[in-house]
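Just below is one structure, and these are the notes that go with it.
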Amino acid sequence: MRAMIVKEFRQLRRDRRTLAMMIVMPVLLLVILGYAASFDVSAVPTVVAGPGAAAVVKALPETFHLAATYQAGPQTPEAWARDQLRDGHAAVAIVTGTAPGLQVLIDGTQLFDAQKTLQELSALSGGKAVTTASVTGSASVQILYNPELKTSYIMIPGLAGVILVFVGTVITSLGVVRERQAGTLEQLAVMPLRPMDVFLGKIIPYFVVAVADLAIVLAVGVAVFGVPFAGSAAVFALGALLFVFVTLGLGVLISSVSQTQGQAIQLAVMTLLPQVLLSGLIFPLSSIVAGVRWIAYLLPLTYFTEISRGVMLRAEPITSLWPPFVYLALLGAVVATLATLRFRAFLAPGEGR
Amino acid sequence: MTGPGVWGAEGVSVRFGARQALDRVTISALPGRVTAVVGADGAGKTTLLRCLVGALAPGEGTVRRPDARRIGYLPPGTGVYEDLSVAENLRFRSASYGIPAPAAEREVNKYLERTGLAAARDRLAGQLSGGMLRKLGVVAALLPQPDLLVLDEPTTGVDPVSRADLWWLIASAAAGGAAVLMSTTYTDEAARAARVLVLDSGQPLAEGTPAEIVAAIPGTITVAAERPAAGDERRRSWRRAGAWRVWQPGADPGRGEAVAPDLQDAVCVAALRRELGASHA
C-alpha cells in the first residue's frame with residue numbers, strides 16, 4: 001500500500017493543474033464566496049417622479065438610494081417611472097400626485113431589492129404585511145413583472161445561460177481535445193481544409209445543439225414553470241447568439257491549452273463555477289463586495305443573465321439593453337481571436353513564419 | 001536531388017526546447033519510388049515526416065511538397081476516427097479532398113476488397129484489430145491519389161498477413177506514380193525501398209540505395225559464436241540471430257568468418273562509427 005501511496009503522490013505532484021485545483025480552488029472559492037455570497041441588500045436603487053418628488057426625496061428612508069427624479073416632461077410621471085423599472089435603472093419607483101397619494105412600483109425581477117422594499121414598507125406602515133397591489137395608508141403598492149416574487153421567474157432565464165455555458169464551453173472543449181488526443185487533429189492539419197473550415201466545422205454542430213438546448217429550456221420554463229416571455233424574441237435570439245459565440249470560443253480556447261480531456265474538464269469547470277456564483281444569477285450583483293464584483297463584469301453569463309431577464313420578464317427593448325450586447329460582442333471578439341490564433345497554430349504551423 | 005515531382009527536405013532542423021530533434025537533414029522522395037527513413041525510436045523519423053507534410057514548421061531548412069490536395073498522410077496514430085465506421089471514415093476523407101462520390105466509391109471498393117477490409121465496412125474503426133486499423137489509415141491516405149504519400153511506420157506491430165497487404169498498397173501507390181516516403185524501424189523492410197535514409201538522434205547516418213549504403217561500409221564484418229572478450233573488438237560487436245557480429249574496420253578480417261553484410265549490418269556499422277569516433281571513420 002505504501003508503494004501505491006508514494007506513486008499516487010508522485011503523479012499528483014506532476015499533475016500541476018489537479019494540484020492547483022485541489023489546493024488553490026478551495027481557498028479562492030472560500031474568499032470569493034465569502035465576499036460574494038450575500039443576499040443582503042443595503043441600498044435599493046429608487047426613482048421618484050411627479051409633482052411631489054422633492055418632498056418624497058427628503059423623506060426617503062436610507063435604504064432607498066436615489067437614482068433619478070422626474071418632475072414633469074413629455075411623459076406622464078407614471079409612464080416615466082415604469083420605463084425606468086423596465087430598463088433596469090431602478091428597482092423601485094415612487095410616483096406622486098396619484099390617488100390615493102403615492103404609487104410605489106416595485107420591479108419583481110429584482111427579487112431581493114423587492115423583498116427589502118416590502119420589508120421597509122411594512123415597517124413604515126406599522127408592521128402590516130405589504131403585498132402586491134396592496135394599499136397601505138396613503139400609498140398603493142404594485143409589484144411589476146413578477147407579482148408573486150417567484151424565484152423560478154428569475155432563475156430560469158439565467159439557468160438557460162448556465163446550460164449554454166455547459167454545452168458551449170465544456171462539451172466543445174472535450175470535442176476538440178478528443179481530436180488532439182486521437183491524433184486526428186494532425187491529420188486535419190495536413191488535409192486540404194482551411195483552418196477556418198475546420199474551426200467552423202467543429203463548432204457549428206455544438207452551436208446547433210446549444211440552440212436546441214436553449215429552445216427546450218425556454219419551452220419548459222414557459223410551459224411548466226409559467227415564466228413569461230414578455231419581450232422580443234429577436235432581441236433575445238441576438239443576445240443568445242452572441243453569448244453562445246463567446247462560450248464556444250471559450251471552449252475552443254480551453255481545448256487549445258489542454259492536452260487531455262481531463263484537463264479540459266478541469267479548466268471548463270474553473271470557468272463555469274465563477275460564472276454561476278458571480279454573474280448575478282444567484283446573488284445580486286449589488287450585494288457582492290466591489291473588490292470581487294469586477295470579476296462579474298468579465299464573465300459572459302453576467303451579461304446574458306441581464307439580457308435574458310430584461311427581455312423575458314420586463315420586455316426591455318434593445319435601446320436600453322445595448323451595454324450588455326456591446327460587452328458580449330467585445331468578449332466574443334477577444335475570445336474568438338485568441339481561440340482562432342491558438343487553433344491556427346496547430347492547423348497551419350508553417351504559416352506566419 | 002531536385003527536379004519536377006521530386007519532393008523532400010533540404011537542411012531541415014527542428015529543436016524542441018533544449019533537444020535537437022533534427023539536425024540539417026536532407027531527403028528526397030522520387031515519383032514512382034519508395035523511399036524509407038529508418039532509425040530507432042526517438043531518431044527523429046516522425047519529426048521529419050511531420051515537416052514534410054506541413055504539420056510542423058522546421059526551424060531551419062526548406063521543404064518541397066505538393067499542394068495539400070496531392071498529399072496522402074498516415075500519422076503515427078492512424079489519423080482515422082475510432083468512433084466512425086470504416087465506410088464513414090473513408091467518406092469523410094474523400095469529401096474533405098473534394099473527390100466526387102462515385103469515383104471515391106470505386107477506389108474504396110477496390111482497396112477494401114484487396115486488403116480484406118470489405119467485410120468490416122460497417123464496423124467502427126475502434127473495433128478493428130491493429131493491422132486492420134493501419135490498413136484503413138493507409139487506404140484513407142491513398143484516396144486522393146496523392147503525388148506524395150507519407151506513411152509513418154505503417155507496418156509497426158502488424159501481423160505478417162496485414163504486412164503483406166500493406167506492402168501491396170505501398171507498392172501499388174508507387175506503381176501509380178506517387179512518391180512514397182515511409183518510416184520504419186525494420187531494416188529488412190527498408191531494404192525493399194529504392195532509397196534509404198538512416199537517422200540517428202536527429203542526424204543523418206547514411207543515405208543512398210540499400211546497395212550503396214552496404215557498399216559504403218569500410219572493412220569487413222565477421223561472425224562469431226561468442227562475444228569478443230574485451231577491448232576494442234568487443235565494442236565493435238553486436239548480437240544478431242543468435243550469434244555475434246564484429247566489425248573489422250581495417251583490411252585484416254581478424255579471426256572470425258567474414259559474412260556478406262546487409263542493410264542491418266550497414267546501419268549498425270554506421271552507428272558504431274559515429275559512436276566510436278573519428279579513429280574508426
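If you're wondering about the labels, chains in the C-alpha cells are A, B, ... by order shown, residues count from 1 in each chain, ligands from 1 in order shown.
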>> Report as JSON, numbers by chain all protein, DNA and RNA residues lying within 10 Å of Leu56 in chain B, evaluated on only C-alpha atoms, omitting residues in the same chain fewer than 3 positions from it.
In response: {"A": [186, 189, 190, 345, 346, 347, 348, 349, 350], "B": [14, 47, 48, 49, 50, 51, 52, 53, 59]}
Can I get the selection written as a compact mmCIF listing (two decimals), in the first residue's frame, with N, CA, C and O atoms?
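The file below, again_24.txt, is the result:
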```txt
# COMPACT_ATOMS: atom_id res chain seq x y z
N GLU A 186 -3.90 16.34 -36.19
CA GLU A 186 -2.73 16.45 -37.07
C GLU A 186 -3.11 16.04 -38.50
O GLU A 186 -2.65 16.64 -39.47
N ALA A 189 -4.82 18.83 -40.02
CA ALA A 189 -3.90 19.94 -40.32
C ALA A 189 -3.25 19.79 -41.70
O ALA A 189 -2.93 20.78 -42.33
N VAL A 190 -3.07 18.53 -42.15
CA VAL A 190 -2.41 18.36 -43.44
C VAL A 190 -3.41 18.13 -44.58
O VAL A 190 -3.02 18.02 -45.73
N ALA A 345 -2.45 27.82 -34.88
CA ALA A 345 -1.08 27.39 -34.60
C ALA A 345 -0.94 25.88 -34.79
O ALA A 345 0.11 25.38 -35.19
N PHE A 346 -2.04 25.13 -34.53
CA PHE A 346 -2.00 23.68 -34.74
C PHE A 346 -2.20 23.32 -36.21
O PHE A 346 -1.58 22.42 -36.73
N LEU A 347 -3.15 24.06 -36.82
CA LEU A 347 -3.59 23.63 -38.15
C LEU A 347 -2.76 24.19 -39.29
O LEU A 347 -2.79 23.66 -40.39
N ALA A 348 -2.05 25.30 -39.05
CA ALA A 348 -1.22 25.86 -40.11
C ALA A 348 0.11 26.29 -39.51
O ALA A 348 0.43 27.47 -39.45
N PRO A 349 0.91 25.31 -39.04
CA PRO A 349 2.12 25.67 -38.30
C PRO A 349 3.15 26.41 -39.16
O PRO A 349 3.95 27.16 -38.63
N GLY A 350 3.10 26.20 -40.45
CA GLY A 350 4.11 26.82 -41.30
C GLY A 350 3.79 28.26 -41.64
O GLY A 350 4.65 29.02 -42.05
N VAL B 14 15.06 20.91 -36.57
CA VAL B 14 13.94 21.16 -35.64
C VAL B 14 14.46 21.03 -34.22
O VAL B 14 15.21 20.09 -33.91
N THR B 47 9.33 13.33 -36.69
CA THR B 47 9.51 14.79 -36.82
C THR B 47 9.80 15.15 -38.28
O THR B 47 9.24 16.12 -38.81
N LEU B 48 10.64 14.36 -38.93
CA LEU B 48 10.97 14.63 -40.34
C LEU B 48 9.73 14.52 -41.22
O LEU B 48 9.46 15.39 -42.06
N LEU B 49 8.93 13.46 -41.00
CA LEU B 49 7.73 13.27 -41.83
C LEU B 49 6.71 14.39 -41.57
O LEU B 49 6.06 14.87 -42.50
N ARG B 50 6.62 14.82 -40.31
CA ARG B 50 5.68 15.90 -39.99
C ARG B 50 6.09 17.19 -40.70
O ARG B 50 5.26 17.96 -41.14
N CYS B 51 7.39 17.43 -40.79
CA CYS B 51 7.87 18.61 -41.52
C CYS B 51 7.51 18.50 -43.00
O CYS B 51 7.09 19.47 -43.63
N LEU B 52 7.66 17.28 -43.54
CA LEU B 52 7.42 17.09 -44.97
C LEU B 52 5.95 17.33 -45.34
O LEU B 52 5.67 17.87 -46.40
N VAL B 53 5.03 16.92 -44.47
CA VAL B 53 3.61 17.08 -44.83
C VAL B 53 3.07 18.44 -44.40
O VAL B 53 1.95 18.81 -44.75
N GLY B 59 12.62 24.68 -37.98
CA GLY B 59 13.30 25.90 -37.55
C GLY B 59 14.23 26.41 -38.64
O GLY B 59 14.38 27.61 -38.85
```
Could you build a table of the residues in chain B lying no more than 7 Å from chain A, giving for each the nearest pair of atoms and their separation in Å rounded to one decimal place, using only C-alpha atoms, ordered by chain and ascending residue number, as a tab-separated table?
```
residue	atom	partner	partner_atom	distance
B:Val53	CA	A:Val190	CA	6.3
B:Gly54	CA	A:Val190	CA	6.2
B:Ala55	CA	A:Val190	CA	6.0
B:Leu56	CA	A:Pro349	CA	5.6
B:Ala57	CA	A:Gly350	CA	4.6
B:Ala68	CA	A:Pro192	CA	4.9
B:Arg69	CA	A:Pro192	CA	5.3
B:Pro75	CA	A:Gln187	CA	6.6
B:Gly77	CA	A:Gly183	CA	5.5
B:Gly79	CA	A:Thr184	CA	4.6
B:Val80	CA	A:Thr184	CA	6.4
B:Ser96	CA	A:Leu193	CA	7.0
B:Tyr97	CA	A:Pro192	CA	6.3
```
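The smallest atom-to-atom distance between Leu214 in chain A and any of A:Thr98, A:Ala139, A:Val244, A:Leu330, using only C-alpha atoms, is found for A:Val244.
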>> Which of range 7-232 of chain B end up as helix (DSSP H, G or I) when DSSP is run on this backbone - answer as a PyMOL selection string?
In response: chain B and resi 45-53+68-70+86-96+101-115+118-120+125-127+130-142+160-175+187-190+210-215+231-232
> Per DSSP on the backbone, what are the strand (DSSP E) residues of range 23-267 of chain A, as a ChimeraX atom specification?
Replying inline: /A:44-49,64-70,92-98,101-107,135-136,139-144
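With distances restricted to only C-alpha atoms, B:Leu142 is the closest residue to Gly72 in chain B from B:Val37, B:Val86, B:Ala18, B:Leu142.
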>> Residues near Thr271 in chain A, anyone? I mean within 10 Å using only C-alpha atoms, not counting same-chain ones fewer than 4 positions away, as an MDAnalysis selection string.
In response: chainID A and resid 165 169:170 250:251 254 265:267 275:276 299
For those residues, write N, CA and C atoms to a file as an mmCIF file, in the first residue's frame.
```
data_model
loop_
_atom_site.group_PDB
_atom_site.id
_atom_site.type_symbol
_atom_site.label_atom_id
_atom_site.label_comp_id
_atom_site.auth_asym_id
_atom_site.auth_seq_id
_atom_site.Cartn_x
_atom_site.Cartn_y
_atom_site.Cartn_z
ATOM 1 N N VAL A 165 -23.587 27.604 -21.275
ATOM 2 C CA VAL A 165 -22.160 27.576 -20.896
ATOM 3 C C VAL A 165 -21.694 26.128 -20.874
ATOM 4 N N THR A 169 -19.037 25.557 -23.571
ATOM 5 C CA THR A 169 -17.656 25.506 -23.093
ATOM 6 C C THR A 169 -17.200 24.075 -22.813
ATOM 7 N N VAL A 170 -17.957 23.364 -21.997
ATOM 8 C CA VAL A 170 -17.499 22.039 -21.550
ATOM 9 C C VAL A 170 -17.480 21.042 -22.713
ATOM 10 N N LEU A 250 -14.708 30.118 -25.904
ATOM 11 C CA LEU A 250 -14.038 29.729 -24.656
ATOM 12 C C LEU A 250 -13.710 28.241 -24.674
ATOM 13 N N GLY A 251 -14.658 27.457 -25.174
ATOM 14 C CA GLY A 251 -14.456 26.001 -25.255
ATOM 15 C C GLY A 251 -13.252 25.660 -26.120
ATOM 16 N N ILE A 254 -10.039 26.731 -24.356
ATOM 17 C CA ILE A 254 -9.675 25.770 -23.307
ATOM 18 C C ILE A 254 -9.045 24.530 -23.926
ATOM 19 N N ILE A 265 -11.777 19.383 -18.873
ATOM 20 C CA ILE A 265 -12.913 19.450 -17.949
ATOM 21 C C ILE A 265 -12.549 20.318 -16.743
ATOM 22 N N GLN A 266 -11.329 20.130 -16.214
ATOM 23 C CA GLN A 266 -10.902 20.928 -15.063
ATOM 24 C C GLN A 266 -10.988 22.417 -15.388
ATOM 25 N N LEU A 267 -10.427 22.803 -16.535
ATOM 26 C CA LEU A 267 -10.417 24.217 -16.889
ATOM 27 C C LEU A 267 -11.829 24.736 -17.139
ATOM 28 N N GLN A 275 -18.851 31.721 -13.010
ATOM 29 C CA GLN A 275 -19.972 32.310 -13.758
ATOM 30 C C GLN A 275 -21.284 32.069 -13.018
ATOM 31 N N VAL A 276 -21.431 30.853 -12.473
ATOM 32 C CA VAL A 276 -22.667 30.532 -11.759
ATOM 33 C C VAL A 276 -22.765 31.381 -10.484
ATOM 34 N N LEU A 299 -17.322 38.214 -16.930
ATOM 35 C CA LEU A 299 -17.956 36.920 -17.205
ATOM 36 C C LEU A 299 -19.133 37.083 -18.161
#
```
>> Using only C-alpha atoms, which protein or nucleic acid residues come within 10 Å of Glu153 in chain B? Drop anything in the same chain fewer than 3 positions from it, and give the result as a PyMOL selection string.
In response: chain B and resi 36-38+45-46+74-78+134+150+156-157+182-186
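Using only C-alpha atoms for every distance, the candidate list B:Leu84, B:Leu205, B:Val108, B:Ile213 yields B:Leu205 as the residue closest to Glu275 in chain B.
If you count only C-alpha atoms and ignore residues fewer than 5 places along the chain from Val158 in chain B, what sits within 9 Å of it is Gly130, Gly131, Met132, Arg134 and Arg163 of chain B.
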Surrounding residues of range 79-83 of chain A excluding itself and chain neighbours under 5 positions, 12 Å, only C-alpha atoms, as a compact mmCIF listing (two decimals) with all heavy atoms, in the first residue's frame:
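around-v3.txt written:
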```txt
# COMPACT_ATOMS: atom_id res chain seq x y z
N THR A 46 -33.67 53.64 -6.44
CA THR A 46 -35.05 54.16 -6.44
C THR A 46 -35.14 55.40 -7.31
O THR A 46 -34.22 56.23 -7.31
CB THR A 46 -35.46 54.52 -5.00
OG1 THR A 46 -35.21 53.38 -4.17
CG2 THR A 46 -36.91 54.93 -4.89
N VAL A 47 -36.24 55.52 -8.04
CA VAL A 47 -36.51 56.78 -8.76
C VAL A 47 -37.82 57.36 -8.21
O VAL A 47 -38.69 56.62 -7.75
CB VAL A 47 -36.62 56.57 -10.29
CG1 VAL A 47 -35.27 56.19 -10.87
CG2 VAL A 47 -37.66 55.52 -10.63
N VAL A 48 -37.89 58.68 -8.22
CA VAL A 48 -39.09 59.35 -7.72
C VAL A 48 -39.60 60.27 -8.82
O VAL A 48 -38.82 61.01 -9.43
CB VAL A 48 -38.77 60.17 -6.45
CG1 VAL A 48 -40.05 60.77 -5.88
CG2 VAL A 48 -38.09 59.29 -5.40
N ALA A 49 -40.91 60.24 -9.08
CA ALA A 49 -41.46 61.04 -10.17
C ALA A 49 -42.73 61.75 -9.70
O ALA A 49 -43.39 61.32 -8.75
CB ALA A 49 -41.78 60.13 -11.36
N GLY A 50 -43.04 62.85 -10.36
CA GLY A 50 -44.28 63.55 -10.08
C GLY A 50 -44.08 64.88 -9.39
O GLY A 50 -42.96 65.23 -9.00
N ALA A 53 -42.21 65.11 -5.95
CA ALA A 53 -40.98 64.32 -5.90
C ALA A 53 -40.00 64.86 -4.86
O ALA A 53 -39.40 64.09 -4.09
CB ALA A 53 -40.33 64.27 -7.27
N ALA A 67 -31.80 57.21 -7.50
CA ALA A 67 -31.10 57.07 -8.79
C ALA A 67 -31.44 58.25 -9.70
O ALA A 67 -30.59 58.74 -10.43
CB ALA A 67 -31.49 55.76 -9.47
N ALA A 68 -32.72 58.72 -9.67
CA ALA A 68 -33.13 59.85 -10.52
C ALA A 68 -34.48 60.38 -10.05
O ALA A 68 -35.23 59.68 -9.36
CB ALA A 68 -33.23 59.38 -11.98
N THR A 69 -34.73 61.62 -10.40
CA THR A 69 -36.08 62.17 -10.13
C THR A 69 -36.62 62.74 -11.43
O THR A 69 -35.86 63.04 -12.36
CB THR A 69 -36.04 63.30 -9.07
OG1 THR A 69 -35.15 64.31 -9.54
CG2 THR A 69 -35.59 62.80 -7.71
N TYR A 70 -37.96 62.89 -11.46
CA TYR A 70 -38.60 63.40 -12.68
C TYR A 70 -39.85 64.15 -12.22
O TYR A 70 -40.71 63.59 -11.55
CB TYR A 70 -38.98 62.20 -13.55
CG TYR A 70 -39.69 62.53 -14.84
CD1 TYR A 70 -38.97 62.82 -15.99
CD2 TYR A 70 -41.08 62.51 -14.92
CE1 TYR A 70 -39.61 63.08 -17.19
CE2 TYR A 70 -41.74 62.78 -16.10
CZ TYR A 70 -40.98 63.06 -17.25
OH TYR A 70 -41.64 63.31 -18.43
N GLN A 71 -39.85 65.46 -12.53
CA GLN A 71 -40.99 66.26 -12.07
C GLN A 71 -42.03 66.36 -13.18
O GLN A 71 -43.18 66.02 -12.99
CB GLN A 71 -40.51 67.64 -11.67
CG GLN A 71 -39.47 67.59 -10.55
CD GLN A 71 -39.89 68.36 -9.33
OE1 GLN A 71 -40.63 69.30 -9.42
NE2 GLN A 71 -39.41 67.96 -8.16
N ALA A 72 -41.61 66.84 -14.33
CA ALA A 72 -42.54 66.97 -15.45
C ALA A 72 -41.76 66.91 -16.74
O ALA A 72 -40.56 67.19 -16.75
CB ALA A 72 -43.29 68.31 -15.36
N GLY A 73 -42.42 66.52 -17.80
CA GLY A 73 -41.74 66.41 -19.09
C GLY A 73 -42.69 65.85 -20.11
O GLY A 73 -43.91 65.84 -19.88
N PRO A 74 -42.16 65.35 -21.21
CA PRO A 74 -43.05 64.84 -22.26
C PRO A 74 -43.87 63.63 -21.82
O PRO A 74 -44.97 63.42 -22.31
CB PRO A 74 -42.09 64.46 -23.39
CG PRO A 74 -40.73 64.41 -22.78
CD PRO A 74 -40.74 65.30 -21.59
N GLY A 88 -34.35 48.72 -16.18
CA GLY A 88 -33.40 48.26 -15.16
C GLY A 88 -32.62 49.37 -14.49
O GLY A 88 -31.60 49.11 -13.84
N HIS A 89 -33.07 50.62 -14.63
CA HIS A 89 -32.34 51.73 -13.97
C HIS A 89 -32.63 51.80 -12.49
O HIS A 89 -31.90 52.45 -11.73
CB HIS A 89 -32.69 53.08 -14.62
CG HIS A 89 -32.33 53.14 -16.08
ND1 HIS A 89 -31.15 52.63 -16.55
CD2 HIS A 89 -33.00 53.62 -17.16
CE1 HIS A 89 -31.10 52.80 -17.88
NE2 HIS A 89 -32.22 53.39 -18.26
N ALA A 90 -33.74 51.22 -12.07
CA ALA A 90 -34.11 51.26 -10.65
C ALA A 90 -34.92 50.02 -10.31
O ALA A 90 -35.45 49.35 -11.21
CB ALA A 90 -34.94 52.51 -10.36
N ALA A 91 -34.99 49.71 -9.01
CA ALA A 91 -35.80 48.57 -8.58
C ALA A 91 -37.13 49.04 -8.01
O ALA A 91 -38.10 48.27 -7.94
CB ALA A 91 -35.05 47.77 -7.54
N VAL A 92 -37.16 50.31 -7.60
CA VAL A 92 -38.39 50.87 -7.03
C VAL A 92 -38.64 52.23 -7.66
O VAL A 92 -37.69 53.01 -7.86
CB VAL A 92 -38.25 51.02 -5.49
CG1 VAL A 92 -39.45 51.77 -4.91
CG2 VAL A 92 -38.13 49.65 -4.84
N ALA A 93 -39.90 52.52 -7.97
CA ALA A 93 -40.26 53.85 -8.47
C ALA A 93 -41.41 54.37 -7.61
O ALA A 93 -42.39 53.66 -7.36
CB ALA A 93 -40.67 53.77 -9.93
N ILE A 94 -41.25 55.60 -7.13
CA ILE A 94 -42.33 56.22 -6.34
C ILE A 94 -42.91 57.35 -7.18
O ILE A 94 -42.19 58.24 -7.64
CB ILE A 94 -41.78 56.76 -5.00
CG1 ILE A 94 -41.14 55.59 -4.20
CG2 ILE A 94 -42.88 57.43 -4.19
CD1 ILE A 94 -40.34 56.03 -3.00
N VAL A 95 -44.23 57.24 -7.41
CA VAL A 95 -44.89 58.24 -8.24
C VAL A 95 -45.82 59.05 -7.34
O VAL A 95 -46.65 58.47 -6.62
CB VAL A 95 -45.70 57.58 -9.38
CG1 VAL A 95 -46.29 58.63 -10.31
CG2 VAL A 95 -44.82 56.62 -10.16
N THR A 96 -45.68 60.36 -7.38
CA THR A 96 -46.52 61.23 -6.55
C THR A 96 -47.64 61.81 -7.41
O THR A 96 -47.59 61.73 -8.64
CB THR A 96 -45.70 62.37 -5.94
OG1 THR A 96 -45.21 63.18 -7.02
CG2 THR A 96 -44.53 61.84 -5.12
N GLN A 103 -47.83 56.32 -5.37
CA GLN A 103 -47.86 55.00 -6.01
C GLN A 103 -46.44 54.44 -5.95
O GLN A 103 -45.50 55.09 -6.41
CB GLN A 103 -48.31 55.13 -7.47
CG GLN A 103 -48.58 53.81 -8.12
CD GLN A 103 -48.95 53.96 -9.59
OE1 GLN A 103 -48.75 55.02 -10.19
NE2 GLN A 103 -49.49 52.91 -10.16
N VAL A 104 -46.30 53.25 -5.34
CA VAL A 104 -44.97 52.62 -5.25
C VAL A 104 -44.95 51.45 -6.24
O VAL A 104 -45.73 50.51 -6.11
CB VAL A 104 -44.68 52.11 -3.82
CG1 VAL A 104 -43.29 51.46 -3.76
CG2 VAL A 104 -44.77 53.25 -2.82
N LEU A 105 -44.07 51.55 -7.23
CA LEU A 105 -43.94 50.47 -8.21
C LEU A 105 -42.63 49.73 -7.93
O LEU A 105 -41.59 50.35 -7.75
CB LEU A 105 -43.88 51.05 -9.63
CG LEU A 105 -45.08 51.89 -10.06
CD1 LEU A 105 -44.82 52.57 -11.40
CD2 LEU A 105 -46.34 51.03 -10.16
N ILE A 106 -42.74 48.42 -7.84
CA ILE A 106 -41.56 47.62 -7.50
C ILE A 106 -41.26 46.64 -8.64
O ILE A 106 -42.18 45.99 -9.17
CB ILE A 106 -41.80 46.82 -6.19
CG1 ILE A 106 -42.11 47.78 -5.04
CG2 ILE A 106 -40.59 45.95 -5.85
CD1 ILE A 106 -42.58 47.09 -3.77
N ASP A 107 -39.99 46.53 -9.01
CA ASP A 107 -39.58 45.58 -10.04
C ASP A 107 -39.43 44.20 -9.41
O ASP A 107 -38.49 43.95 -8.66
CB ASP A 107 -38.26 46.06 -10.67
CG ASP A 107 -37.69 45.07 -11.68
OD1 ASP A 107 -38.35 44.04 -11.95
OD2 ASP A 107 -36.59 45.32 -12.20
N GLN A 142 -47.50 48.33 -6.07
CA GLN A 142 -47.70 47.39 -7.17
C GLN A 142 -46.36 46.74 -7.55
O GLN A 142 -45.38 47.45 -7.78
CB GLN A 142 -48.28 48.12 -8.39
CG GLN A 142 -48.76 47.16 -9.45
CD GLN A 142 -49.31 47.89 -10.68
OE1 GLN A 142 -49.34 49.11 -10.75
NE2 GLN A 142 -49.72 47.10 -11.65
N ILE A 143 -46.37 45.41 -7.55
CA ILE A 143 -45.14 44.70 -7.96
C ILE A 143 -45.29 44.32 -9.43
O ILE A 143 -46.25 43.65 -9.81
CB ILE A 143 -44.89 43.46 -7.09
CG1 ILE A 143 -44.73 43.87 -5.63
CG2 ILE A 143 -43.64 42.71 -7.56
CD1 ILE A 143 -44.62 42.71 -4.66
N LEU A 144 -44.34 44.76 -10.24
CA LEU A 144 -44.43 44.53 -11.68
C LEU A 144 -43.60 43.30 -12.09
O LEU A 144 -42.65 42.93 -11.41
CB LEU A 144 -43.90 45.74 -12.45
CG LEU A 144 -44.53 47.09 -12.13
CD1 LEU A 144 -43.82 48.19 -12.90
CD2 LEU A 144 -46.03 47.10 -12.46
N TYR A 145 -43.95 42.73 -13.21
CA TYR A 145 -43.20 41.66 -13.92
C TYR A 145 -43.19 40.30 -13.20
O TYR A 145 -43.13 39.28 -13.85
CB TYR A 145 -41.75 42.07 -14.19
CG TYR A 145 -41.60 43.48 -14.71
CD1 TYR A 145 -40.81 44.40 -14.06
CD2 TYR A 145 -42.29 43.88 -15.85
CE1 TYR A 145 -40.67 45.69 -14.53
CE2 TYR A 145 -42.16 45.18 -16.34
CZ TYR A 145 -41.36 46.08 -15.67
OH TYR A 145 -41.23 47.35 -16.12
N ARG A 314 -39.26 41.68 -18.41
CA ARG A 314 -39.67 43.10 -18.41
C ARG A 314 -39.91 43.65 -19.80
O ARG A 314 -40.18 44.83 -19.94
CB ARG A 314 -38.57 43.93 -17.73
CG ARG A 314 -38.29 43.56 -16.28
CD ARG A 314 -37.47 44.64 -15.60
NE ARG A 314 -36.19 44.85 -16.26
CZ ARG A 314 -35.06 44.21 -15.92
NH1 ARG A 314 -35.07 43.37 -14.91
NH2 ARG A 314 -33.94 44.44 -16.56
N ALA A 315 -39.74 42.82 -20.82
CA ALA A 315 -39.88 43.27 -22.21
C ALA A 315 -38.97 44.46 -22.49
O ALA A 315 -39.33 45.41 -23.18
CB ALA A 315 -41.34 43.61 -22.54
N GLU A 316 -37.76 44.40 -21.93
CA GLU A 316 -36.83 45.50 -22.10
C GLU A 316 -36.39 45.59 -23.56
O GLU A 316 -36.01 44.58 -24.16
CB GLU A 316 -35.62 45.25 -21.19
CG GLU A 316 -34.80 46.47 -20.93
CD GLU A 316 -33.68 46.21 -19.91
OE1 GLU A 316 -33.79 45.24 -19.13
OE2 GLU A 316 -32.72 46.99 -19.91
N PRO A 317 -36.44 46.79 -24.15
CA PRO A 317 -36.05 46.91 -25.56
C PRO A 317 -34.53 46.96 -25.71
O PRO A 317 -33.80 47.24 -24.76
CB PRO A 317 -36.68 48.23 -25.98
CG PRO A 317 -36.72 49.04 -24.73
CD PRO A 317 -36.88 48.08 -23.59
N THR A 319 -32.84 49.16 -27.09
CA THR A 319 -32.31 50.52 -26.91
C THR A 319 -31.76 50.72 -25.50
O THR A 319 -30.85 51.52 -25.30
CB THR A 319 -33.41 51.57 -27.17
OG1 THR A 319 -34.60 51.12 -26.52
CG2 THR A 319 -33.67 51.74 -28.65
N SER A 320 -32.32 50.03 -24.50
CA SER A 320 -31.78 50.18 -23.16
C SER A 320 -30.85 49.01 -22.81
O SER A 320 -30.10 49.07 -21.84
CB SER A 320 -32.90 50.28 -22.13
OG SER A 320 -33.51 49.02 -21.98
```
> At what distance in Å, to one decimal, does CA of Glu226 in chain B lie from CA of Gly256 in chain B?
Replying inline: 10.3 Å
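Residues surrounding Ala194 in chain B within 9 Å are Arg33, Val34, Thr35, Ala36, Gly208, Thr209 and Pro210 of chain B [only C-alpha atoms; sequence separation below 5 positions excluded].
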> When you draw a straight line from CA of Ser279 in chain A to CA of Leu66 in chain A, how long is it in Å?
Replying inline: 24.3 Å
